[in-house]
>>> print(open('entry_6.csv').read())   # CSV, N, CA and C atoms
chain,number,residue,atom,x,y,z
A,1,MET,N,18.7,10.6,24.3
A,1,MET,CA,17.4,10.2,24.1
A,1,MET,C,17.4,8.8,23.4
A,2,PRO,N,16.6,7.9,23.9
A,2,PRO,CA,16.5,6.6,23.3
A,2,PRO,C,15.8,6.6,22.0
A,3,PHE,N,16.2,5.7,21.1
A,3,PHE,CA,15.6,5.6,19.8
A,3,PHE,C,14.2,5.0,20.0
A,4,VAL,N,13.3,5.4,19.1
A,4,VAL,CA,11.9,4.9,19.1
A,4,VAL,C,11.6,3.9,17.9
A,5,HIS,N,12.4,4.0,16.9
A,5,HIS,CA,12.3,3.1,15.8
A,5,HIS,C,13.4,2.0,15.8
A,6,ASP,N,13.0,0.8,15.5
A,6,ASP,CA,13.9,-0.3,15.4
A,6,ASP,C,14.3,-0.5,14.0
A,7,LEU,N,15.6,-0.2,13.7
A,7,LEU,CA,16.1,-0.2,12.3
A,7,LEU,C,16.9,-1.4,12.0
A,8,LYS,N,17.0,-2.4,12.9
A,8,LYS,CA,18.0,-3.4,12.7
A,8,LYS,C,17.7,-4.3,11.5
A,9,ASP,N,16.5,-4.3,11.0
A,9,ASP,CA,16.1,-5.1,9.8
A,9,ASP,C,15.7,-4.2,8.6
A,10,PHE,N,16.3,-3.0,8.6
A,10,PHE,CA,15.9,-2.1,7.5
A,10,PHE,C,16.1,-2.8,6.2
A,11,PRO,N,15.2,-2.7,5.3
A,11,PRO,CA,14.1,-1.7,5.1
A,11,PRO,C,12.8,-2.0,5.8
A,12,ILE,N,12.8,-3.0,6.7
A,12,ILE,CA,11.6,-3.2,7.6
A,12,ILE,C,11.9,-2.5,8.9
A,13,VAL,N,11.1,-1.5,9.2
A,13,VAL,CA,11.3,-0.6,10.4
A,13,VAL,C,10.1,-0.9,11.3
A,14,ARG,N,10.4,-1.0,12.6
A,14,ARG,CA,9.4,-1.3,13.6
A,14,ARG,C,9.3,-0.1,14.6
A,15,PHE,N,8.1,0.2,14.9
A,15,PHE,CA,7.8,1.2,15.9
A,15,PHE,C,7.0,0.6,17.0
A,16,ASP,N,7.5,0.4,18.2
A,16,ASP,CA,6.9,-0.4,19.2
A,16,ASP,C,6.4,0.5,20.3
A,17,ALA,N,5.1,0.3,20.7
A,17,ALA,CA,4.5,1.1,21.8
A,17,ALA,C,5.4,1.0,23.1
A,18,ALA,N,6.1,0.0,23.2
A,18,ALA,CA,7.0,-0.1,24.4
A,18,ALA,C,8.1,0.9,24.4
A,19,SER,N,8.4,1.5,23.2
A,19,SER,CA,9.5,2.4,23.1
A,19,SER,C,9.1,3.9,23.3
A,20,ILE,N,7.8,4.1,23.5
A,20,ILE,CA,7.3,5.5,23.6
A,20,ILE,C,7.4,5.9,25.1
A,21,TYR,N,7.6,7.2,25.2
A,21,TYR,CA,7.7,7.8,26.6
A,21,TYR,C,7.2,9.2,26.4
A,22,GLU,N,6.9,9.9,27.5
A,22,GLU,CA,6.4,11.2,27.5
A,22,GLU,C,7.4,12.1,26.8
A,23,GLY,N,7.0,12.8,25.7
A,23,GLY,CA,7.9,13.7,25.0
A,23,GLY,C,8.7,13.0,23.9
A,24,TYR,N,8.3,11.8,23.5
A,24,TYR,CA,9.0,11.1,22.4
A,24,TYR,C,8.8,11.7,21.0
A,25,GLY,N,7.7,12.5,20.9
A,25,GLY,CA,7.3,13.0,19.6
A,25,GLY,C,8.4,13.6,18.8
A,26,ASP,N,9.3,14.5,19.4
A,26,ASP,CA,10.4,15.1,18.7
A,26,ASP,C,11.4,14.1,18.2
A,27,ARG,N,11.7,13.1,19.0
A,27,ARG,CA,12.6,12.0,18.6
A,27,ARG,C,12.0,11.2,17.4
A,28,TRP,N,10.7,10.9,17.5
A,28,TRP,CA,10.0,10.2,16.4
A,28,TRP,C,10.1,11.0,15.1
A,29,CYS,N,9.9,12.3,15.1
A,29,CYS,CA,10.0,13.1,13.9
A,29,CYS,C,11.4,13.1,13.4
A,30,ASP,N,12.4,13.3,14.3
A,30,ASP,CA,13.8,13.3,13.8
A,30,ASP,C,14.2,12.0,13.1
A,31,GLU,N,13.7,10.9,13.7
A,31,GLU,CA,14.1,9.6,13.1
A,31,GLU,C,13.3,9.4,11.8
A,32,MET,N,12.1,9.8,11.7
A,32,MET,CA,11.4,9.7,10.4
A,32,MET,C,12.1,10.6,9.4
A,33,ASP,N,12.6,11.8,9.7
A,33,ASP,CA,13.3,12.6,8.8
A,33,ASP,C,14.6,11.9,8.3
A,34,GLU,N,15.2,11.2,9.2
A,34,GLU,CA,16.4,10.4,8.8
A,34,GLU,C,16.1,9.2,7.9
A,35,LEU,N,14.9,8.6,8.2
A,35,LEU,CA,14.5,7.5,7.3
A,35,LEU,C,14.2,8.0,5.9
A,36,LEU,N,13.5,9.1,5.8
A,36,LEU,CA,13.2,9.7,4.5
A,36,LEU,C,14.5,10.2,3.7
A,37,ALA,N,15.5,10.6,4.5
A,37,ALA,CA,16.7,11.1,3.9
A,37,ALA,C,17.5,10.0,3.3
A,38,ARG,N,17.3,8.7,3.7
A,38,ARG,CA,18.0,7.6,3.1
A,38,ARG,C,17.6,7.4,1.6
A,39,ASN,N,16.4,7.9,1.3
A,39,ASN,CA,15.9,7.8,-0.1
A,39,ASN,C,15.9,6.4,-0.6
A,40,GLN,N,15.4,5.5,0.3
A,40,GLN,CA,15.3,4.1,0.0
A,40,GLN,C,13.9,3.6,0.4
A,41,PRO,N,13.3,2.7,-0.4
A,41,PRO,CA,12.0,2.2,0.0
A,41,PRO,C,12.0,1.4,1.3
A,42,PHE,N,11.0,1.6,2.2
A,42,PHE,CA,10.9,0.9,3.4
A,42,PHE,C,9.5,0.7,3.8
A,43,VAL,N,9.2,-0.2,4.8
A,43,VAL,CA,7.9,-0.5,5.3
A,43,VAL,C,8.0,-0.2,6.8
A,44,LEU,N,7.0,0.4,7.3
A,44,LEU,CA,7.0,0.7,8.8
A,44,LEU,C,5.9,-0.1,9.4
A,45,ILE,N,6.3,-0.9,10.4
A,45,ILE,CA,5.4,-1.7,11.2
A,45,ILE,C,5.1,-1.1,12.5
A,46,TYR,N,3.9,-0.8,12.8
A,46,TYR,CA,3.5,-0.2,14.1
A,46,TYR,C,3.0,-1.4,15.0
A,47,LEU,N,3.8,-1.6,16.1
A,47,LEU,CA,3.4,-2.6,17.0
A,47,LEU,C,2.5,-2.0,18.1
A,48,ALA,N,1.2,-2.1,17.9
A,48,ALA,CA,0.2,-1.7,18.9
A,48,ALA,C,0.6,-0.4,19.6
A,49,ILE,N,0.2,0.7,19.1
A,49,ILE,CA,0.4,2.0,19.8
A,49,ILE,C,-0.4,2.0,21.1
A,50,GLY,N,0.3,2.3,22.1
A,50,GLY,CA,-0.4,2.3,23.4
A,50,GLY,C,-0.8,3.8,23.8
A,51,ASP,N,-0.9,4.1,25.0
A,51,ASP,CA,-1.2,5.4,25.4
A,51,ASP,C,-0.1,6.4,25.1
A,52,GLU,N,-0.4,7.5,24.5
A,52,GLU,CA,0.6,8.5,24.3
A,52,GLU,C,0.0,9.8,24.6
A,53,SER,N,0.8,10.8,24.9
A,53,SER,CA,0.2,12.1,25.2
A,53,SER,C,-0.4,12.8,24.0
A,54,ASP,N,-1.3,13.7,24.2
A,54,ASP,CA,-1.9,14.4,23.1
A,54,ASP,C,-0.8,15.2,22.4
A,55,ALA,N,0.2,15.7,23.1
A,55,ALA,CA,1.2,16.5,22.5
A,55,ALA,C,2.1,15.6,21.5
A,56,ASP,N,2.4,14.4,21.9
A,56,ASP,CA,3.2,13.5,21.1
A,56,ASP,C,2.3,13.1,19.9
A,57,ARG,N,1.1,12.7,20.1
A,57,ARG,CA,0.2,12.3,19.0
A,57,ARG,C,0.1,13.5,18.0
A,58,PHE,N,-0.1,14.7,18.5
A,58,PHE,CA,-0.2,15.9,17.6
A,58,PHE,C,1.1,16.0,16.8
A,59,LYS,N,2.2,15.9,17.4
A,59,LYS,CA,3.5,16.0,16.7
A,59,LYS,C,3.6,15.0,15.6
A,60,ARG,N,3.3,13.8,15.9
A,60,ARG,CA,3.4,12.7,14.9
A,60,ARG,C,2.4,13.0,13.7
A,61,GLY,N,1.2,13.4,14.1
A,61,GLY,CA,0.2,13.7,13.0
A,61,GLY,C,0.6,14.8,12.2
A,62,ALA,N,1.1,15.9,12.8
A,62,ALA,CA,1.5,17.1,12.0
A,62,ALA,C,2.7,16.7,11.1
A,63,TRP,N,3.6,15.9,11.6
A,63,TRP,CA,4.7,15.5,10.8
A,63,TRP,C,4.2,14.7,9.6
A,64,LEU,N,3.3,13.8,9.9
A,64,LEU,CA,2.8,12.9,8.8
A,64,LEU,C,2.1,13.7,7.7
A,65,LYS,N,1.3,14.7,8.1
A,65,LYS,CA,0.7,15.5,7.1
A,65,LYS,C,1.7,16.4,6.4
A,66,ARG,N,2.6,17.0,7.1
A,66,ARG,CA,3.6,17.8,6.5
A,66,ARG,C,4.5,17.1,5.5
A,67,ASN,N,4.7,15.8,5.7
A,67,ASN,CA,5.6,15.0,4.9
A,67,ASN,C,4.9,14.0,4.0
A,68,LYS,N,3.7,14.2,3.8
A,68,LYS,CA,2.9,13.3,3.0
A,68,LYS,C,3.5,13.0,1.6
A,69,ASP,N,3.9,14.0,0.9
A,69,ASP,CA,4.5,13.8,-0.4
A,69,ASP,C,5.8,13.0,-0.3
A,70,ALA,N,6.7,13.4,0.6
A,70,ALA,CA,8.0,12.8,0.8
A,70,ALA,C,7.8,11.3,1.1
A,71,MET,N,6.8,11.0,2.0
A,71,MET,CA,6.6,9.6,2.4
A,71,MET,C,6.1,8.8,1.2
A,72,ALA,N,5.4,9.4,0.3
A,72,ALA,CA,4.9,8.6,-0.9
A,72,ALA,C,6.0,8.1,-1.7
A,73,LEU,N,7.1,8.8,-1.7
A,73,LEU,CA,8.3,8.4,-2.5
A,73,LEU,C,9.0,7.1,-2.0
A,74,ASN,N,9.0,6.9,-0.6
A,74,ASN,CA,9.8,5.8,-0.1
A,74,ASN,C,9.0,4.9,0.9
A,75,LEU,N,8.0,5.4,1.6
A,75,LEU,CA,7.3,4.5,2.5
A,75,LEU,C,6.3,3.7,1.8
A,76,LEU,N,6.6,2.4,1.6
A,76,LEU,CA,5.7,1.5,0.8
A,76,LEU,C,4.4,1.3,1.5
A,77,ALA,N,4.4,1.2,2.8
A,77,ALA,CA,3.2,0.9,3.6
A,77,ALA,C,3.5,1.0,5.1
A,78,LEU,N,2.4,1.3,5.8
A,78,LEU,CA,2.4,1.3,7.2
A,78,LEU,C,1.5,0.1,7.6
A,79,ILE,N,2.1,-0.8,8.4
A,79,ILE,CA,1.3,-2.0,8.8
A,79,ILE,C,1.1,-2.0,10.3
A,80,HIS,N,-0.1,-2.0,10.7
A,80,HIS,CA,-0.4,-2.0,12.1
A,80,HIS,C,-0.6,-3.4,12.6
A,81,VAL,N,0.0,-3.7,13.8
A,81,VAL,CA,-0.1,-5.0,14.4
A,81,VAL,C,-1.1,-4.9,15.5
A,82,GLU,N,-2.2,-5.6,15.4
A,82,GLU,CA,-3.3,-5.5,16.5
A,82,GLU,C,-3.8,-6.9,16.7
A,83,PRO,N,-3.3,-7.6,17.8
A,83,PRO,CA,-3.7,-9.0,18.0
A,83,PRO,C,-5.2,-9.2,18.3
A,84,ASN,N,-5.8,-8.2,18.9
A,84,ASN,CA,-7.2,-8.3,19.3
A,84,ASN,C,-8.1,-8.1,18.1
A,85,GLU,N,-8.9,-9.2,17.7
A,85,GLU,CA,-9.6,-9.2,16.5
A,85,GLU,C,-10.6,-8.0,16.4
A,86,GLU,N,-11.3,-7.7,17.5
A,86,GLU,CA,-12.3,-6.7,17.5
A,86,GLU,C,-11.6,-5.3,17.2
A,87,LYS,N,-10.5,-5.1,17.9
A,87,LYS,CA,-9.8,-3.8,17.7
A,87,LYS,C,-9.2,-3.7,16.3
A,88,ARG,N,-8.8,-4.9,15.8
A,88,ARG,CA,-8.2,-4.9,14.4
A,88,ARG,C,-9.3,-4.6,13.4
A,89,GLN,N,-10.5,-5.2,13.6
A,89,GLN,CA,-11.6,-4.9,12.7
A,89,GLN,C,-12.0,-3.4,12.7
A,90,LYS,N,-12.0,-2.8,13.9
A,90,LYS,CA,-12.3,-1.4,14.0
A,90,LYS,C,-11.2,-0.6,13.3
A,91,LEU,N,-9.9,-1.0,13.5
A,91,LEU,CA,-8.8,-0.3,12.9
A,91,LEU,C,-9.0,-0.4,11.4
A,92,GLN,N,-9.3,-1.5,10.9
A,92,GLN,CA,-9.4,-1.7,9.4
A,92,GLN,C,-10.5,-0.8,8.8
A,93,THR,N,-11.5,-0.5,9.5
A,93,THR,CA,-12.5,0.4,9.0
A,93,THR,C,-12.0,1.8,9.0
A,94,MET,N,-11.1,2.1,9.8
A,94,MET,CA,-10.5,3.5,9.9
A,94,MET,C,-9.4,3.7,8.9
A,95,LEU,N,-8.8,2.6,8.4
A,95,LEU,CA,-7.6,2.7,7.5
A,95,LEU,C,-7.8,3.6,6.3
A,96,PRO,N,-9.0,3.5,5.6
A,96,PRO,CA,-9.1,4.4,4.4
A,96,PRO,C,-9.1,5.9,4.8
A,97,LYS,N,-9.6,6.3,6.0
A,97,LYS,CA,-9.5,7.7,6.4
A,97,LYS,C,-8.0,8.0,6.7
A,98,LEU,N,-7.3,7.1,7.3
A,98,LEU,CA,-5.9,7.4,7.6
A,98,LEU,C,-5.1,7.5,6.3
A,99,VAL,N,-5.4,6.7,5.3
A,99,VAL,CA,-4.8,6.8,4.0
A,99,VAL,C,-5.0,8.2,3.4
A,100,VAL,N,-6.3,8.7,3.4
A,100,VAL,CA,-6.6,10.0,2.9
A,100,VAL,C,-5.8,11.0,3.6
A,101,ALA,N,-5.8,10.9,4.9
A,101,ALA,CA,-5.1,12.0,5.7
A,101,ALA,C,-3.6,12.0,5.5
A,102,PHE,N,-3.0,10.8,5.4
A,102,PHE,CA,-1.5,10.7,5.4
A,102,PHE,C,-0.9,10.2,4.1
A,103,GLY,N,-1.8,9.7,3.2
A,103,GLY,CA,-1.3,9.3,1.8
A,103,GLY,C,-0.5,8.1,1.8
A,104,THR,N,-0.4,7.3,2.8
A,104,THR,CA,0.4,6.1,2.8
A,104,THR,C,-0.5,4.9,2.8
A,105,PRO,N,-0.2,3.9,2.0
A,105,PRO,CA,-1.0,2.6,2.0
A,105,PRO,C,-0.9,2.0,3.4
A,106,GLN,N,-2.0,1.5,3.9
A,106,GLN,CA,-2.0,0.9,5.3
A,106,GLN,C,-2.7,-0.4,5.3
A,107,ALA,N,-2.3,-1.2,6.3
A,107,ALA,CA,-2.9,-2.5,6.5
A,107,ALA,C,-2.8,-2.9,8.0
A,108,ALA,N,-3.6,-3.8,8.4
A,108,ALA,CA,-3.6,-4.3,9.8
A,108,ALA,C,-3.4,-5.8,9.8
A,109,ARG,N,-2.6,-6.3,10.7
A,109,ARG,CA,-2.4,-7.7,10.8
A,109,ARG,C,-2.5,-8.1,12.3
A,110,ALA,N,-2.7,-9.4,12.5
A,110,ALA,CA,-2.9,-9.9,13.9
A,110,ALA,C,-1.6,-10.2,14.6
A,111,SER,N,-0.5,-10.4,13.9
A,111,SER,CA,0.7,-10.7,14.5
A,111,SER,C,1.9,-10.1,13.8
A,112,VAL,N,3.0,-10.0,14.5
A,112,VAL,CA,4.3,-9.5,14.0
A,112,VAL,C,4.7,-10.3,12.8
A,113,SER,N,4.6,-11.6,12.9
A,113,SER,CA,5.0,-12.5,11.8
A,113,SER,C,4.2,-12.2,10.5
A,114,GLU,N,2.9,-12.0,10.7
A,114,GLU,CA,2.1,-11.7,9.5
A,114,GLU,C,2.4,-10.3,8.9
A,115,ALA,N,2.7,-9.4,9.8
A,115,ALA,CA,3.1,-8.0,9.3
A,115,ALA,C,4.4,-8.1,8.6
A,116,GLU,N,5.4,-8.8,9.1
A,116,GLU,CA,6.7,-9.0,8.5
A,116,GLU,C,6.6,-9.7,7.2
A,117,ALA,N,5.7,-10.7,7.1
A,117,ALA,CA,5.5,-11.4,5.8
A,117,ALA,C,5.0,-10.5,4.8
A,118,LEU,N,4.0,-9.6,5.1
A,118,LEU,CA,3.4,-8.7,4.2
A,118,LEU,C,4.5,-7.6,3.8
A,119,ALA,N,5.3,-7.2,4.8
A,119,ALA,CA,6.4,-6.2,4.5
A,119,ALA,C,7.3,-6.8,3.4
A,120,ARG,N,7.7,-8.1,3.6
A,120,ARG,CA,8.6,-8.7,2.6
A,120,ARG,C,8.0,-8.7,1.2
A,121,GLN,N,6.7,-9.0,1.2
A,121,GLN,CA,6.0,-9.1,-0.1
A,121,GLN,C,6.0,-7.7,-0.8
A,122,LEU,N,5.8,-6.7,0.0
A,122,LEU,CA,5.7,-5.3,-0.5
A,122,LEU,C,7.1,-4.9,-1.0
A,123,LEU,N,8.1,-5.2,-0.2
A,123,LEU,CA,9.5,-4.9,-0.6
A,123,LEU,C,9.9,-5.7,-1.9
A,124,ALA,N,9.3,-6.8,-2.1
A,124,ALA,CA,9.6,-7.6,-3.3
A,124,ALA,C,8.9,-7.1,-4.5
A,125,GLY,N,8.0,-6.1,-4.3
A,125,GLY,CA,7.3,-5.5,-5.5
A,125,GLY,C,5.8,-5.8,-5.5
A,126,ASP,N,5.3,-6.5,-4.6
A,126,ASP,CA,3.8,-6.7,-4.6
A,126,ASP,C,3.1,-5.5,-4.2
A,127,ALA,N,1.9,-5.3,-4.6
A,127,ALA,CA,1.1,-4.1,-4.3
A,127,ALA,C,0.2,-4.4,-3.1
A,128,LEU,N,0.0,-3.4,-2.3
A,128,LEU,CA,-0.9,-3.5,-1.2
A,128,LEU,C,-2.3,-3.1,-1.7
A,129,CYS,N,-3.2,-3.9,-1.6
A,129,CYS,CA,-4.6,-3.6,-2.2
A,129,CYS,C,-5.6,-3.4,-1.1
A,130,GLU,N,-5.2,-3.3,0.2
A,130,GLU,CA,-6.2,-3.2,1.2
A,130,GLU,C,-6.6,-1.7,1.4
A,131,ALA,N,-5.8,-0.9,1.8
A,131,ALA,CA,-6.1,0.5,2.0
A,131,ALA,C,-5.0,1.3,1.4
A,132,THR,N,-5.2,1.8,0.2
A,132,THR,CA,-4.2,2.5,-0.5
A,132,THR,C,-4.7,3.9,-0.9
A,133,PRO,N,-3.8,4.8,-1.1
A,133,PRO,CA,-4.2,6.2,-1.5
A,133,PRO,C,-5.1,6.2,-2.8
A,134,ALA,N,-6.0,7.1,-2.8
A,134,ALA,CA,-6.9,7.2,-4.0
A,134,ALA,C,-6.0,7.8,-5.1
A,135,ALA,N,-6.2,7.4,-6.3
A,135,ALA,CA,-5.4,7.9,-7.5
A,135,ALA,C,-5.8,9.3,-7.8
>>> encode(input="entry_6.csv", output="structure tokens")
Amino acid sequence: MPFVHDLKDFPIVRFDAASIYEGYGDRWCDEMDELLARNQPFVLIYLAIGDESDADRFKRGAWLKRNKDAMALNLLALIHVEPNEEKRQKLQTMLPKLVVAFGTPQAARASVSEAEALARQLLAGDALCEATPAA
């Protein structure tokens, strides 16, 4: 099974819509388990999620809810890359709900380079003030 997360720049981890395939949900969950088992802070960059099956989306969502507390220990933020300004604005209005559901600070950026710059800031100790879990 092909990997769905790009770990070459860990602790910056990328999840690219180009890497998804029908049935990838189990692999995604296994890789996320492995990331959490490292017990090291990391940032996850989502590169524009495309079409995915309901089954895969459900698996990801269930895993995220089930592992909410574990993610809070090491996942500093989930950064969505959305180049389309209209879609990005819509996403940003949804981020607070995603934070409540999954407990992970989230942000949206227009480009990979902007997302990576934010990831480096977070890894250096800066706080994400955009969409963060309620205290």
>>> residues_around(input="entry_6.csv", residues="Glu82 (chain A)", least_positions_apart="5", cutoff="6 Å", atoms="all atoms listed in the file", output="list of chain:residue names")
A:Ala48, A:Arg88, A:Ala108, A:Arg109, A:Ala110, A:Ser111
>>> write_last_selection(input="entry_6.csv", atoms="N, CA and C atoms", output="PDB file, in the frame of the given file")
ATOM      1  N   ALA A  48       1.200  -2.100  17.900  1.00  0.00           N
ATOM      2  CA  ALA A  48       0.200  -1.700  18.900  1.00  0.00           C
ATOM      3  C   ALA A  48       0.600  -0.400  19.600  1.00  0.00           C
ATOM      4  N   ARG A  88      -8.800  -4.900  15.800  1.00  0.00           N
ATOM      5  CA  ARG A  88      -8.200  -4.900  14.400  1.00  0.00           C
ATOM      6  C   ARG A  88      -9.300  -4.600  13.400  1.00  0.00           C
ATOM      7  N   ALA A 108      -3.600  -3.800   8.400  1.00  0.00           N
ATOM      8  CA  ALA A 108      -3.600  -4.300   9.800  1.00  0.00           C
ATOM      9  C   ALA A 108      -3.400  -5.800   9.800  1.00  0.00           C
ATOM     10  N   ARG A 109      -2.600  -6.300  10.700  1.00  0.00           N
ATOM     11  CA  ARG A 109      -2.400  -7.700  10.800  1.00  0.00           C
ATOM     12  C   ARG A 109      -2.500  -8.100  12.300  1.00  0.00           C
ATOM     13  N   ALA A 110      -2.700  -9.400  12.500  1.00  0.00           N
ATOM     14  CA  ALA A 110      -2.900  -9.900  13.900  1.00  0.00           C
ATOM     15  C   ALA A 110      -1.600 -10.200  14.600  1.00  0.00           C
ATOM     16  N   SER A 111      -0.500 -10.400  13.900  1.00  0.00           N
ATOM     17  CA  SER A 111       0.700 -10.700  14.500  1.00  0.00           C
ATOM     18  C   SER A 111       1.900 -10.100  13.800  1.00  0.00           C
TER      19      SER A 111
END
>>> residues_around(input="entry_6.csv", residues="Phe15 (chain A)", least_positions_apart="2", cutoff="7 Å", atoms="all atoms listed in the file", output="PDB file with N, CA and C atoms, keeping the file's coordinate frame")
ATOM      1  N   VAL A   4      13.300   5.400  19.100  1.00  0.00           N
ATOM      2  CA  VAL A   4      11.900   4.900  19.100  1.00  0.00           C
ATOM      3  C   VAL A   4      11.600   3.900  17.900  1.00  0.00           C
ATOM      4  N   HIS A   5      12.400   4.000  16.900  1.00  0.00           N
ATOM      5  CA  HIS A   5      12.300   3.100  15.800  1.00  0.00           C
ATOM      6  C   HIS A   5      13.400   2.000  15.800  1.00  0.00           C
ATOM      7  N   ASP A   6      13.000   0.800  15.500  1.00  0.00           N
ATOM      8  CA  ASP A   6      13.900  -0.300  15.400  1.00  0.00           C
ATOM      9  C   ASP A   6      14.300  -0.500  14.000  1.00  0.00           C
ATOM     10  N   VAL A  13      11.100  -1.500   9.200  1.00  0.00           N
ATOM     11  CA  VAL A  13      11.300  -0.600  10.400  1.00  0.00           C
ATOM     12  C   VAL A  13      10.100  -0.900  11.300  1.00  0.00           C
ATOM     13  N   ALA A  17       5.100   0.300  20.700  1.00  0.00           N
ATOM     14  CA  ALA A  17       4.500   1.100  21.800  1.00  0.00           C
ATOM     15  C   ALA A  17       5.400   1.000  23.100  1.00  0.00           C
ATOM     16  N   ALA A  18       6.100   0.000  23.200  1.00  0.00           N
ATOM     17  CA  ALA A  18       7.000  -0.100  24.400  1.00  0.00           C
ATOM     18  C   ALA A  18       8.100   0.900  24.400  1.00  0.00           C
ATOM     19  N   SER A  19       8.400   1.500  23.200  1.00  0.00           N
ATOM     20  CA  SER A  19       9.500   2.400  23.100  1.00  0.00           C
ATOM     21  C   SER A  19       9.100   3.900  23.300  1.00  0.00           C
ATOM     22  N   LEU A  44       7.000   0.400   7.300  1.00  0.00           N
ATOM     23  CA  LEU A  44       7.000   0.700   8.800  1.00  0.00           C
ATOM     24  C   LEU A  44       5.900  -0.100   9.400  1.00  0.00           C
ATOM     25  N   ILE A  45       6.300  -0.900  10.400  1.00  0.00           N
ATOM     26  CA  ILE A  45       5.400  -1.700  11.200  1.00  0.00           C
ATOM     27  C   ILE A  45       5.100  -1.100  12.500  1.00  0.00           C
ATOM     28  N   TYR A  46       3.900  -0.800  12.800  1.00  0.00           N
ATOM     29  CA  TYR A  46       3.500  -0.200  14.100  1.00  0.00           C
ATOM     30  C   TYR A  46       3.000  -1.400  15.000  1.00  0.00           C
ATOM     31  N   LEU A  47       3.800  -1.600  16.100  1.00  0.00           N
ATOM     32  CA  LEU A  47       3.400  -2.600  17.000  1.00  0.00           C
ATOM     33  C   LEU A  47       2.500  -2.000  18.100  1.00  0.00           C
ATOM     34  N   ALA A  48       1.200  -2.100  17.900  1.00  0.00           N
ATOM     35  CA  ALA A  48       0.200  -1.700  18.900  1.00  0.00           C
ATOM     36  C   ALA A  48       0.600  -0.400  19.600  1.00  0.00           C
TER      37      ALA A  48
END
>>> residues_around(input="entry_6.csv", residues="Trp28 (chain A)", least_positions_apart="2", cutoff="8 Å", atoms="all atoms listed in the file", output="PyMOL selection string")
chain A and resi 3-5+23-26+30-34+59-60
>>> closest_residue(input="entry_6.csv", among="A:Cys129, A:Arg27, A:Tyr21, A:Ala101", to="Leu64 (chain A)", atoms="only N, CA and C atoms")
A:Ala101
>>> atom_distance(input="entry_6.csv", atom1="atom N of Asn39 (chain A)", atom2="atom N of Lys97 (chain A)")
26.5 Å
>>> closest_residue(input="entry_6.csv", among="A:Ile12, A:Leu78, A:Leu7, A:Ala55", to="Gly103 (chain A)", atoms="only C-alpha atoms")
A:Leu78
>>> select_by_dssp(input="entry_6.csv", residues="chain A", states="strand (DSSP E)", output="list in words")
His5, Asp6, Leu7, Lys8, Asp9, Ile12, Val13, Arg14, Phe15, Asp16, Phe42, Val43, Leu44, Ile45, Tyr46, Leu47, Leu75, Leu76, Ala77, Leu78, Ile79, His80, Val81, Gln106, Ala107, Ala108 and Arg109 of chain A
>>> atom_distance(input="entry_6.csv", atom1="CA of Ala62 (chain A)", atom2="CA of Ala119 (chain A)")
25.0 Å
